[in-house]
Structure formats: structure tokens, C-alpha cells
Amino acid sequence: MYQLYFNPPKSSWSLRVWVLLKELNIPFEPKIVRYLDDLSEQRQQFKAFSPTSKIPVLHADGLVIWDSLAIIEFLAESYPQVWAEDKVARTWSRSACAEMHSGFEHLREMCDFAPLARKPLQEIPAVLSQELARLNQLLEEGLTAFGGAFLAGDRFTAVDAFFLPVMARIETYALHQYFSPQVLAYQKMLVNSVSFKAWLTL
């Protein structure tokens, strides 16, 4: 059985893998680890199961897979439902996940992942506004192109897992005015899902 090392509810990267496993009913053994105030001690402890001393990390039959995107691609080799069945939707999904994985740096910096908090931003800098506009455009594109309630069609896949932490940030920082009704309906569905509510209680 897979073993997932993760830290709820603070780790947005952990959430991506955890929620995908949950939504697709892929069995795994949860290994909850907590961040420490002493970063040196944390690195030392995490090194026991993670080559980078970071999470998430998946252990699978002697293999150690680190980085959320690498974990999802590994899972897809055994569970093709990780990605959309349609090739066009699958290709778009991979591109969107890669953009989320490496982009939106101002959103990450100014809007830390804090899903249990509510702290509306009083001022939105231009660089953040531009990223929110791009995010809305990207989400509308998926919701429109593939004709489903989810980003790549009618079921939850890896691309939804990758954007769930950002949908939670909309709640935390009261960013609703930057998104279309179509995107907000999608956002509401994700943050009200059973799996995400379970994550908040771990």
C-alpha cells in the first residue's frame, strides 16, 4: 500500500496529492507529519522519509517519489483516471498543472495557504491582480472547453486537485470579485466538498 507523508491542513502541496487519492478512492496509508518551529530539527526529522526534507512524499513498494507533480504522474501509471480520458482535455490539464506548479508566484507570496483563516486583503497590487485575471481566464477555459462541472470534464481529476488550494485562497482572502460566476460556482463546489472539509479537520 502507498504511504503518503503530508501535513494537514497547512501544506497546499500535500493537499493536492491527498485529495486526489481520496476523490479517486485510491488506497493509501496516511503518515501525518507536522512542521516544527525549529527548521533545522524539522529538516533532520523529515530527512528520514524525504530526500529533500520536504513534503509531500509517497512511498510505494520501495520507491520514494517526491514532489506533488511527480507523485501524480506516478499514480497515473497505475490509475489512468488520474487524468481525463480525452486526449485534448488531458493535454490541457497537464499544461494547466504545470503552470500552477511553477507560476502564480505573487499569489503564493501575498496569499499564504491558510484554509482555516479569514483575512480579506485591503489592497490588491497590480501584479496580484494580473495573476488573478490569468487564473480566472485559465479556469474559465477548462470549464467551458470540456463541458463539465470540473476543469477537464464531468469528473474530478488531477487538474482539480492542483487548483483546489487556490480555490481555498479565494475564501481566505475574499477574492471573489476577481472571478466570474462560472468560476465561483466551481470554487464553491470544491471548497464545500466532503473531502476538503475532511482535510480541514485532520
# chains A, B, ... in the order shown; residues from 1 in each chain; ligands from 1
>>> closest_atom_pairs(of="range 98-192 of chain A", to="range 65-86 of chain A", cutoff="9 Å", atoms="only C-alpha atoms", output="tab-separated table")
residue	atom	partner	partner_atom	distance
A:Ala98	CA	A:Leu69	CA	8.1
A:His101	CA	A:Leu69	CA	7.7
A:Ala152	CA	A:Ala84	CA	6.2
A:Gly153	CA	A:Ala84	CA	7.4
A:Arg155	CA	A:Ala84	CA	8.3
A:Phe156	CA	A:Val82	CA	8.4
A:Thr157	CA	A:Val82	CA	5.3
A:Ala158	CA	A:Val82	CA	5.5
A:Val159	CA	A:Trp83	CA	7.7
A:Phe162	CA	A:Leu69	CA	8.8
>>> select_by_dssp(residues="range 18-172 of chain A", states="alpha helix (DSSP H)", output="MDAnalysis selection string")
chainID A and resid 18:23 39:46 68:78 87:102 105:110 126:145 158:172
>>> select_by_dssp(residues="chain A", states="strand (DSSP E or B)", output="PyMOL selection string")
chain A and resi 2-6+28-32+57-60+63-66+150+153
>>> residues_around(residues="range 126-143 of chain A", least_positions_apart="6", cutoff="9 Å", atoms="only C-alpha atoms", output="list in words")
Ala89, Trp92, Ser93, Ala96, Phe104, Glu105, His106, Leu107, Met110, Ala149, Phe150, Leu151, Ala152, Gly153, Phe163, Leu175, Tyr178, Phe179, Ser180, Gln182, Val183 and Tyr186 of chain A
>>> atom_distance(atom1="CA of Cys111 in chain A", atom2="CA of Gln177 in chain A")
15.6 Å
>>> residues_around(residues="Lys188 in chain A", least_positions_apart="4", cutoff="12 Å", atoms="only C-alpha atoms", output="list of chain:residue names")
A:Ala149, A:Phe150, A:Leu164, A:Val166, A:Met167, A:Ala168, A:Arg169, A:Ile170, A:Glu171, A:His176, A:Phe179, A:Pro181, A:Gln182, A:Val183, A:Leu184, A:Asn192, A:Ser193, A:Phe196
>>> write_last_selection(atoms="C-alpha atoms", output="short mmCIF file (atom, residue, chain, number, x, y, z; two decimals), in the first residue's frame")
data_model
loop_
_atom_site.label_atom_id
_atom_site.label_comp_id
_atom_site.auth_asym_id
_atom_site.auth_seq_id
_atom_site.Cartn_x
_atom_site.Cartn_y
_atom_site.Cartn_z
CA ALA A 149 -18.62 20.77 -13.74
CA PHE A 150 -14.90 20.04 -13.32
CA LEU A 164 -8.11 23.28 -5.02
CA VAL A 166 -6.09 28.28 -4.90
CA MET A 167 -9.86 27.95 -4.62
CA ALA A 168 -9.42 27.87 -0.84
CA ARG A 169 -7.38 31.08 -1.03
CA ILE A 170 -10.37 32.82 -2.59
CA GLU A 171 -12.24 32.15 0.65
CA HIS A 176 -14.45 36.56 -5.11
CA PHE A 179 -13.75 35.71 -10.67
CA PRO A 181 -19.92 33.40 -11.82
CA GLN A 182 -18.88 30.25 -13.69
CA VAL A 183 -15.58 30.03 -11.82
CA LEU A 184 -17.19 30.88 -8.49
CA ASN A 192 -17.71 22.61 0.09
CA SER A 193 -16.72 19.09 -0.93
CA PHE A 196 -11.87 19.20 1.54
#
>>> atom_distance(atom1="CA of Ser14 in chain A", atom2="CA of Ile55 in chain A")
6.5 Å
>>> residues_around(residues="range 119-121 of chain A", least_positions_apart="6", cutoff="6 Å", atoms="only C-alpha atoms", output="ChimeraX atom specification")
/A:172-174
>>> write_last_selection(atoms="C-alpha atoms", output="PDB file, in the first residue's frame")
ATOM      1  CA  THR A 172      -9.358  33.079   2.939  1.00  0.00           C
ATOM      2  CA  TYR A 173      -8.600  36.409   1.275  1.00  0.00           C
ATOM      3  CA  ALA A 174     -12.104  37.309  -0.030  1.00  0.00           C
TER       4      ALA A 174
END
